[in-house]
>>> print(open('target-v4.pdb').read())   # PDB, C-alpha atoms
ATOM      1  CA  MET A 347      58.619 104.782  74.762
ATOM      2  CA  SER A 348      58.128 101.054  75.555
ATOM      3  CA  GLU A 349      61.823 100.403  74.889
ATOM      4  CA  VAL A 350      62.807 103.104  77.370
ATOM      5  CA  VAL A 351      60.591 101.586  80.076
ATOM      6  CA  ALA A 352      62.177  98.174  79.433
ATOM      7  CA  PHE A 353      65.637  99.650  79.869
ATOM      8  CA  ARG A 354      64.698 101.216  83.202
ATOM      9  CA  ARG A 355      64.042  97.780  84.674
ATOM     10  CA  PHE A 356      67.694  96.825  84.260
ATOM     11  CA  ALA A 357      69.565  99.855  85.536
ATOM     12  CA  THR A 358      69.642 103.535  86.197
ATOM     13  CA  MET A 359      72.075 105.889  84.506
ATOM     14  CA  LEU A 360      74.631 108.272  85.919
ATOM     15  CA  TRP A 361      75.193 111.831  84.717
ATOM     16  CA  SER A 362      78.873 112.491  85.461
ATOM     17  CA  PRO A 363      80.201 116.006  84.791
ATOM     18  CA  ALA A 364      83.967 116.468  84.488
ATOM     19  CA  GLU A 365      83.576 118.750  87.507
ATOM     20  CA  GLY A 366      80.695 118.560  89.932
ATOM     21  CA  GLU A 367      78.352 116.042  91.485
ATOM     22  CA  VAL A 368      77.566 112.708  89.856
ATOM     23  CA  LEU A 369      73.778 112.388  89.602
ATOM     24  CA  PRO A 370      71.571 109.321  89.082
ATOM     25  CA  VAL A 371      69.123 109.467  86.177
ATOM     26  CA  HIS A 372      65.976 107.333  86.248
ATOM     27  CA  GLY A 373      64.123 108.507  83.170
ATOM     28  CA  LEU A 374      64.391 110.073  79.758
ATOM     29  CA  ARG A 375      62.896 113.422  80.781
ATOM     30  CA  GLU A 376      65.277 113.660  83.723
ATOM     31  CA  LEU A 377      68.204 113.123  81.349
ATOM     32  CA  GLU A 378      66.803 115.731  78.943
ATOM     33  CA  ALA A 379      66.702 118.243  81.805
ATOM     34  CA  HIS A 380      70.368 117.623  82.617
ATOM     35  CA  VAL A 381      71.344 118.095  78.968
ATOM     36  CA  GLY A 382      69.259 121.265  78.622
ATOM     37  CA  ALA A 383      71.012 122.799  81.626
ATOM     38  CA  TRP A 384      74.469 121.814  80.365
ATOM     39  CA  LEU A 385      75.596 125.049  78.659
ATOM     40  CA  ASP A 386      79.120 125.857  79.881
ATOM     41  CA  TYR A 387      81.084 126.003  76.614
ATOM     42  CA  GLY A 388      83.621 123.233  76.155
ATOM     43  CA  GLN A 389      82.635 121.292  79.274
ATOM     44  CA  THR A 390      81.934 117.570  78.940
ATOM     45  CA  ALA A 391      79.670 115.260  80.913
ATOM     46  CA  MET A 392      79.689 111.473  80.663
ATOM     47  CA  ILE A 393      76.570 109.313  80.754
ATOM     48  CA  HIS A 394      76.812 105.616  81.578
ATOM     49  CA  ARG A 395      74.757 102.848  83.060
ATOM     50  CA  GLN A 396      74.762 101.806  86.694
ATOM     51  CA  PRO A 397      76.122  99.215  87.241
ATOM     52  CA  SER A 398      78.696 100.218  84.652
ATOM     53  CA  ASP A 399      79.056  98.307  81.391
ATOM     54  CA  ASP A 400      81.138  98.780  78.263
ATOM     55  CA  ARG A 401      79.246 101.767  76.814
ATOM     56  CA  GLU A 402      79.232 105.480  77.550
ATOM     57  CA  VAL A 403      78.114 108.752  76.001
ATOM     58  CA  ARG A 404      79.983 112.067  76.186
ATOM     59  CA  VAL A 405      78.007 115.287  75.859
ATOM     60  CA  THR A 406      80.024 118.455  75.291
ATOM     61  CA  ALA A 407      78.318 121.802  75.754
ATOM     62  CA  LEU A 408      78.707 124.420  73.026
ATOM     63  CA  GLY A 409      76.863 127.221  74.805
ATOM     64  CA  ASP A 410      74.034 128.624  72.706
ATOM     65  CA  ASP A 411      75.280 126.607  69.711
ATOM     66  CA  GLY A 412      74.044 123.276  71.084
ATOM     67  CA  TRP A 413      75.777 120.044  72.062
ATOM     68  CA  LEU A 414      78.319 117.650  70.620
ATOM     69  CA  VAL A 415      77.435 114.009  71.352
ATOM     70  CA  LYS A 416      79.989 111.195  71.068
ATOM     71  CA  VAL A 417      79.496 107.524  71.879
ATOM     72  CA  HIS A 418      82.154 105.077  72.992
ATOM     73  CA  ASP A 419      82.481 101.447  73.991
ATOM     74  CA  THR A 420      85.395  99.370  75.233
ATOM     75  CA  GLY A 421      86.010  97.982  71.747
ATOM     76  CA  MET A 422      86.822 101.430  70.367
ATOM     77  CA  VAL A 423      90.528 101.328  71.163
ATOM     78  CA  LYS A 424      93.584 101.136  68.927
ATOM     79  CA  GLY A 425      97.081 100.891  70.358
ATOM     80  CA  GLY A 426      95.770 101.937  73.753
ATOM     81  CA  TRP A 427      94.178 105.094  72.306
ATOM     82  CA  SER A 428      90.404 105.249  72.659
ATOM     83  CA  TYR A 429      88.184 106.783  70.008
ATOM     84  CA  SER A 430      84.504 107.602  69.697
ATOM     85  CA  LYS A 431      81.848 108.275  67.093
ATOM     86  CA  PRO A 432      79.782 111.494  66.818
ATOM     87  CA  LEU A 433      76.008 111.545  66.584
ATOM     88  CA  THR A 434      75.303 113.016  63.143
ATOM     89  CA  ARG A 435      72.187 114.201  61.333
ATOM     90  CA  LEU A 436      71.678 112.613  57.937
ATOM     91  CA  LEU A 437      71.470 114.723  54.802
ATOM     92  CA  GLU A 438      68.177 115.140  52.942
ATOM     93  CA  ASP A 439      69.032 112.193  50.697
ATOM     94  CA  GLY A 440      69.546 109.989  53.752
ATOM     95  CA  SER A 441      73.335 109.837  53.433
ATOM     96  CA  LEU A 442      75.897 110.512  56.125
ATOM     97  CA  PRO A 443      77.736 113.825  55.534
ATOM     98  CA  GLY A 444      81.525 113.918  55.262
ATOM     99  CA  PHE A 445      84.193 116.600  55.205
ATOM    100  CA  ASN A 446      84.354 116.304  51.425
ATOM    101  CA  SER A 447      80.645 117.058  51.092
ATOM    102  CA  ASP A 448      79.026 120.496  50.885
ATOM    103  CA  SER A 449      78.232 120.497  54.612
ATOM    104  CA  PRO A 450      79.450 123.638  56.423
ATOM    105  CA  TRP A 451      82.142 123.215  59.061
ATOM    106  CA  TYR A 452      81.781 124.217  62.701
ATOM    107  CA  ILE A 453      84.944 125.727  64.230
ATOM    108  CA  PRO A 454      84.792 125.641  68.054
ATOM    109  CA  ASP A 455      85.877 128.396  70.410
ATOM    110  CA  GLU A 456      89.682 128.160  70.356
ATOM    111  CA  SER A 457      90.048 129.307  73.948
ATOM    112  CA  THR A 458      88.624 125.941  75.105
ATOM    113  CA  ASP A 459      89.804 122.323  75.097
ATOM    114  CA  LEU A 460      88.104 121.993  71.698
ATOM    115  CA  ALA A 461      90.756 124.197  70.064
ATOM    116  CA  GLY A 462      92.041 122.670  66.857
ATOM    117  CA  SER A 463      88.923 120.582  66.316
ATOM    118  CA  VAL A 464      86.581 120.895  63.358
ATOM    119  CA  PHE A 465      83.089 119.437  63.184
ATOM    120  CA  LEU A 466      80.396 119.213  60.562
ATOM    121  CA  THR A 467      77.328 121.288  61.366
ATOM    122  CA  GLU A 468      75.310 118.055  61.263
ATOM    123  CA  GLN A 469      77.347 116.867  64.251
ATOM    124  CA  ILE A 470      76.064 119.741  66.394
ATOM    125  CA  GLN A 471      72.738 118.919  68.057
ATOM    126  CA  PHE A 472      70.220 121.583  69.020
ATOM    127  CA  ASP A 473      67.461 119.653  70.819
ATOM    128  CA  PRO A 474      68.140 118.355  74.364
ATOM    129  CA  ALA A 475      65.331 115.823  73.957
ATOM    130  CA  LEU A 476      67.041 114.379  70.883
ATOM    131  CA  VAL A 477      70.388 114.246  72.714
ATOM    132  CA  ALA A 478      68.796 112.407  75.635
ATOM    133  CA  GLN A 479      66.998 109.988  73.308
ATOM    134  CA  ALA A 480      70.196 109.187  71.401
ATOM    135  CA  ALA A 481      72.200 108.681  74.601
ATOM    136  CA  TRP A 482      69.553 106.394  76.035
ATOM    137  CA  ALA A 483      69.396 104.427  72.775
ATOM    138  CA  TRP A 484      73.176 103.884  72.682
ATOM    139  CA  LEU A 485      73.317 102.718  76.291
ATOM    140  CA  ALA A 486      70.393 100.361  75.712
ATOM    141  CA  GLY A 487      71.844  98.942  72.499
ATOM    142  CA  MET A 488      69.066 100.374  70.338
ATOM    143  CA  SER A 489      69.142 102.253  67.033
ATOM    144  CA  MET A 490      69.806 105.969  66.862
ATOM    145  CA  PRO A 491      66.798 108.326  66.543
ATOM    146  CA  SER A 492      65.281 108.651  63.094
ATOM    147  CA  GLY A 493      67.350 110.803  60.749
ATOM    148  CA  HIS A 494      70.564 110.305  62.731
ATOM    149  CA  GLU A 495      73.503 107.917  62.561
ATOM    150  CA  LEU A 496      76.945 107.601  64.103
ATOM    151  CA  GLY A 497      79.644 109.360  62.098
ATOM    152  CA  THR A 498      83.267 108.534  61.420
ATOM    153  CA  ALA A 499      85.309 107.555  64.469
ATOM    154  CA  GLY A 500      87.900 110.005  65.766
ATOM    155  CA  TYR A 501      90.582 110.006  68.459
ATOM    156  CA  ASP A 502      89.549 110.989  71.963
ATOM    157  CA  HIS A 503      91.552 113.824  73.504
ATOM    158  CA  VAL A 504      94.230 112.850  76.021
ATOM    159  CA  VAL A 505      95.209 115.295  78.779
ATOM    160  CA  CYS A 506      98.915 115.152  79.719
ATOM    161  CA  THR A 507     100.999 116.791  82.418
ATOM    162  CA  SER A 508     103.761 117.928  80.050
ATOM    163  CA  VAL A 509     104.645 118.159  76.369
ATOM    164  CA  ILE A 510     107.227 115.424  76.913
ATOM    165  CA  GLU A 511     104.486 113.153  78.239
ATOM    166  CA  ALA A 512     102.282 114.093  75.274
ATOM    167  CA  LEU A 513     104.977 113.173  72.762
ATOM    168  CA  THR A 514     105.656 109.928  74.605
ATOM    169  CA  TRP A 515     101.950 109.090  74.485
ATOM    170  CA  ILE A 516     101.886 109.641  70.711
ATOM    171  CA  THR A 517     104.931 107.405  70.253
ATOM    172  CA  ASN A 518     103.527 104.606  72.397
ATOM    173  CA  SER A 519      99.926 104.765  71.187
ATOM    174  CA  SER A 520     100.191 105.359  67.447
ATOM    175  CA  GLU A 521     102.397 104.648  64.461
ATOM    176  CA  GLU A 522     103.089 108.351  63.934
ATOM    177  CA  SER A 523     105.833 109.312  66.381
ATOM    178  CA  TRP A 524     107.435 112.701  65.813
ATOM    179  CA  PRO A 525     111.083 112.805  64.612
ATOM    180  CA  ASP A 526     113.597 113.617  67.356
ATOM    181  CA  GLU A 527     114.274 117.121  66.018
ATOM    182  CA  ALA A 528     110.577 117.964  65.758
ATOM    183  CA  ALA A 529     109.985 116.714  69.291
ATOM    184  CA  GLN A 530     112.958 118.643  70.708
ATOM    185  CA  VAL A 531     112.045 122.024  69.204
ATOM    186  CA  THR A 532     108.453 121.552  70.373
ATOM    187  CA  ILE A 533     109.594 120.826  73.926
ATOM    188  CA  GLU A 534     111.905 123.861  73.912
ATOM    189  CA  LEU A 535     109.274 126.332  72.691
ATOM    190  CA  ALA A 536     106.634 124.943  75.045
ATOM    191  CA  ALA A 537     109.026 125.526  77.947
ATOM    192  CA  GLU A 538     109.631 129.125  76.825
ATOM    193  CA  LEU A 539     105.895 129.753  76.646
ATOM    194  CA  ALA A 540     105.327 128.311  80.142
ATOM    195  CA  THR A 541     102.475 126.169  78.881
ATOM    196  CA  ASP A 542      99.917 124.196  80.832
ATOM    197  CA  ARG A 543      96.740 122.235  80.056
ATOM    198  CA  ILE A 544      98.460 120.061  77.473
ATOM    199  CA  ILE A 545      96.131 117.962  75.313
ATOM    200  CA  VAL A 546      96.915 115.463  72.574
ATOM    201  CA  THR A 547      94.086 115.783  70.056
ATOM    202  CA  SER A 548      95.537 113.461  67.391
ATOM    203  CA  PRO A 549      98.894 111.842  66.573
ATOM    204  CA  GLY A 550      99.853 115.003  64.712
ATOM    205  CA  GLN A 551      98.594 117.726  67.059
ATOM    206  CA  ILE A 552      99.164 118.902  70.620
ATOM    207  CA  THR A 553      97.301 121.907  72.037
ATOM    208  CA  VAL A 554      98.528 123.908  75.009
ATOM    209  CA  ARG A 555      97.285 126.798  77.111
ATOM    210  CA  VAL A 556      99.520 129.860  77.449
ATOM    211  CA  GLU A 557      98.961 132.406  80.204
ATOM    212  CA  GLY A 558      97.610 135.688  78.839
ATOM    213  CA  ALA A 559      96.676 134.276  75.420
ATOM    214  CA  ASP A 560      93.038 134.346  74.347
ATOM    215  CA  ARG A 561      93.251 131.046  72.482
ATOM    216  CA  ARG A 562      95.144 127.781  72.719
ATOM    217  CA  VAL A 563      98.430 127.299  70.875
ATOM    218  CA  ARG A 564      98.640 124.254  68.592
ATOM    219  CA  PHE A 565     101.756 122.319  67.646
ATOM    220  CA  GLN A 566     101.175 120.387  64.425
ATOM    221  CA  HIS A 567     103.434 117.784  62.863
ATOM    222  CA  ARG A 568     102.232 116.388  59.541
ATOM    223  CA  SER A 569     104.909 114.082  58.151
ATOM    224  CA  ARG A 570     107.085 111.453  59.792
ATOM    225  CA  ASP A 571     109.788 112.218  57.215
ATOM    226  CA  ASP A 572     109.875 115.949  57.999
ATOM    227  CA  ALA A 573     111.066 117.635  61.199
ATOM    228  CA  GLN A 574     108.991 120.776  60.538
ATOM    229  CA  VAL A 575     106.394 121.727  63.156
ATOM    230  CA  ARG A 576     103.732 124.362  62.571
ATOM    231  CA  VAL A 577     102.776 126.452  65.599
ATOM    232  CA  ILE A 578      99.337 128.067  65.334
ATOM    233  CA  GLY A 579      97.785 130.597  67.696
ATOM    234  CA  MET A 580     100.831 132.534  68.817
ATOM    235  CA  THR A 581     100.346 136.148  69.953
ATOM    236  CA  ASP A 582     102.990 138.893  69.756
ATOM    237  CA  GLU A 583     103.564 141.758  72.200
ATOM    238  CA  LEU A 584     101.100 143.970  70.310
ATOM    239  CA  GLY A 585      98.359 141.348  70.459
ATOM    240  CA  HIS A 586      98.607 140.211  66.835
ATOM    241  CA  LYS A 587      98.042 136.518  66.174
ATOM    242  CA  TYR A 588     100.539 134.665  64.044
ATOM    243  CA  THR A 589     101.631 131.234  62.838
ATOM    244  CA  MET A 590     105.230 130.116  62.632
ATOM    245  CA  THR A 591     107.259 127.026  61.815
ATOM    246  CA  LEU A 592     109.911 125.183  63.762
ATOM    247  CA  PRO A 593     112.841 124.687  63.940
ATOM    248  CA  GLY A 594     113.598 127.927  62.049
ATOM    249  CA  ARG A 595     110.863 129.973  63.826
ATOM    250  CA  GLU A 596     109.833 131.535  60.541
ATOM    251  CA  ILE A 597     106.567 133.499  60.626
ATOM    252  CA  LEU A 598     104.123 132.204  58.020
ATOM    253  CA  ARG A 599     101.262 134.596  58.521
ATOM    254  CA  ILE A 600     100.269 137.365  60.896
ATOM    255  CA  SER A 601      96.839 138.795  61.600
ATOM    256  CA  ARG A 602      96.353 142.553  61.472
ATOM    257  CA  GLN A 603      93.582 142.257  64.028
ATOM    258  CA  ARG A 604      94.705 142.437  67.624
ATOM    259  CA  SER A 605      93.584 139.948  70.226
ATOM    260  CA  PRO A 606      91.797 141.358  73.286
ATOM    261  CA  ARG A 607      93.972 141.823  76.355
TER     262      ARG A 607
END
>>> encode(input="target-v4.pdb", output="structure tokens")
Amino acid sequence: MSEVVAFRRFATMLWSPAEGEVLPVHGLRELEAHVGAWLDYGQTAMIHRQPSDDREVRVTALGDDGWLVKVHDTGMVKGGWSYSKPLTRLLEDGSLPGFNSDSPWYIPDESTDLAGSVFLTEQIQFDPALVAQAAWAWLAGMSMPSGHELGTAGYDHVVCTSVIEALTWITNSSEESWPDEAAQVTIELAAELATDRIIVTSPGQITVRVEGADRRVRFQHRSRDDAQVRVIGMTDELGHKYTMTLPGREILRISRQRSPR
């Protein structure tokens, strides 16, 4: 705990929810209490030093499942697109798990902003004290808690006001712009669906919220040489979920189970 006391002499921290009051944090236990009370699924709070420097920590609540912790600094930017690294538990052999390992995957609630994301179970943290310790360590420039490391960097989500803006962001901030036909059919369907809450989750995926649907709809484009777009999370008039492709609007698969209305 001597390192934590040394850090306190330099600055306090701020706990900054996406919605709500920004709160000063003066100690590790105070931060742990904030994390432990942060349970609203899919909501993210930022932790940074005061006065602000180049580092921050983002804690996303997963309800009873725990917390997702990502760290970021000002150097984690490519083409104007920021990215972050997830706090990850090491495997028994001391190695960092990957998506090609035997580690189970965690699929988030698809009605939230996390729709379309996949995490390793080792990236989900269960102990608020551990989350607080890791956040404090990152902000103080110290090593992660024993048995934990930072995982592979991934794009941060970008909230846009329209699908056109989302596609423009992808074009300007990555080397994976969508072909004109793919972009046009995506814009047209999004307009028909009356979408809102548009989020770019990667150069190849945009998620949108559709009124009356129980989960987010995802537009996926996988190849710069192909105009095909896969649309996942659609719901028909009977409540069945289905996936289709654009521009032909062919249905690839349909679920027999109805979504709740």
>>> residues_around(input="target-v4.pdb", residues="A:Ser492", least_positions_apart="3", cutoff="10 Å", atoms="all atoms listed in the file", output="NGL selection string")
:A and (435-436 or 476 or 480 or 489 or 495)
>>> resolve_selection(input="target-v4.pdb", expression="the PyMOL selection byres ((chain A and resi 538-548) around 8)", output="ChimeraX atom specification")
/A:459,462-463,501-509,512,516,534-537,549-557
>>> closest_atom_pairs(input="target-v4.pdb", of="stretch 450-532 of chain A", to="stretch 386-399 of chain A", cutoff="7 Å", atoms="all atoms listed in the file", output="CSV")
residue,atom,partner,partner_atom,distance
A:Thr458,CA,A:Gly388,CA,5.8
A:Asp459,CA,A:Gly388,CA,6.3
A:Leu460,CA,A:Gly388,CA,6.4
A:Leu485,CA,A:Arg395,CA,6.9
>>> residues_around(input="target-v4.pdb", residues="A:Glu376", least_positions_apart="6", cutoff="12 Å", atoms="only C-alpha atoms", output="ChimeraX atom specification")
/A:358-361,369-370,382-383,474-475,478-479,482
>>> closest_residue(input="target-v4.pdb", among="A:Asn446, A:Thr532, A:Ser569, A:Thr434", to="A:Gly594", atoms="all atoms listed in the file")
A:Thr532
>>> closest_residue(input="target-v4.pdb", among="A:Phe565, A:Trp427, A:Trp384, A:Trp413", to="A:Asn518", atoms="only C-alpha atoms")
A:Trp427
>>> axis_aligned_box(input="target-v4.pdb", around="stretch 510-528 of chain A", padding_each_side="6 Å", output="lines of an AutoDock Vina configuration file")
center_x = 107.1
center_y = 111.3
center_z = 71.1
size_x = 26.3
size_y = 25.4
size_z = 26.3
>>> atom_distance(input="target-v4.pdb", atom1="atom CA of A:Leu513", atom2="atom CA of A:Lys424")
17.0 Å
>>> atom_distance(input="target-v4.pdb", atom1="atom CA of A:Asp582", atom2="atom CA of A:Val464")
25.2 Å
>>> closest_residue(input="target-v4.pdb", among="A:Thr467, A:Val563, A:Ala499, A:Val577", to="A:Lys416", atoms="only C-alpha atoms")
A:Ala499
>>> closest_residue(input="target-v4.pdb", among="A:Arg576, A:Gly426, A:Ile453, A:Ala364", to="A:Ser519", atoms="only C-alpha atoms")
A:Gly426
>>> atom_distance(input="target-v4.pdb", atom1="atom CA of A:Leu437", atom2="atom CA of A:Thr420")
29.1 Å
>>> closest_residue(input="target-v4.pdb", among="A:Ala483, A:Leu408, A:Val477, A:Ala559", to="A:Ala379", atoms="all atoms listed in the file")
A:Val477
>>> resolve_selection(input="target-v4.pdb", expression="the PyMOL selection byres ((chain A and resi 472) around 8)", output="list in words")
Asp411, Gly412, Trp413, Ile470, Gln471, Asp473 and Pro474 of chain A
>>> decode(input="target-v4.pdb", residues="stretch 521-537 of chain A", atoms="C-alpha atoms", output="short mmCIF file (atom, residue, chain, number, x, y, z; two decimals), in the first residue's frame")
data_model
loop_
_atom_site.label_atom_id
_atom_site.label_comp_id
_atom_site.auth_asym_id
_atom_site.auth_seq_id
_atom_site.Cartn_x
_atom_site.Cartn_y
_atom_site.Cartn_z
CA GLU A 521 -7.98 2.15 -44.21
CA GLU A 522 -11.16 0.10 -44.53
CA SER A 523 -13.78 2.37 -46.09
CA TRP A 524 -16.93 0.66 -47.32
CA PRO A 525 -17.55 0.49 -51.10
CA ASP A 526 -20.10 3.03 -52.37
CA GLU A 527 -22.77 0.38 -52.99
CA ALA A 528 -22.35 -1.15 -49.53
CA ALA A 529 -22.56 2.28 -47.92
CA GLN A 530 -25.65 3.28 -49.92
CA VAL A 531 -27.71 0.16 -49.14
CA THR A 532 -26.77 0.49 -45.47
CA ILE A 533 -27.92 4.11 -45.39
CA GLU A 534 -31.20 3.20 -47.12
CA LEU A 535 -32.09 0.34 -44.77
CA ALA A 536 -31.12 2.34 -41.69
CA ALA A 537 -33.49 5.09 -42.82
#
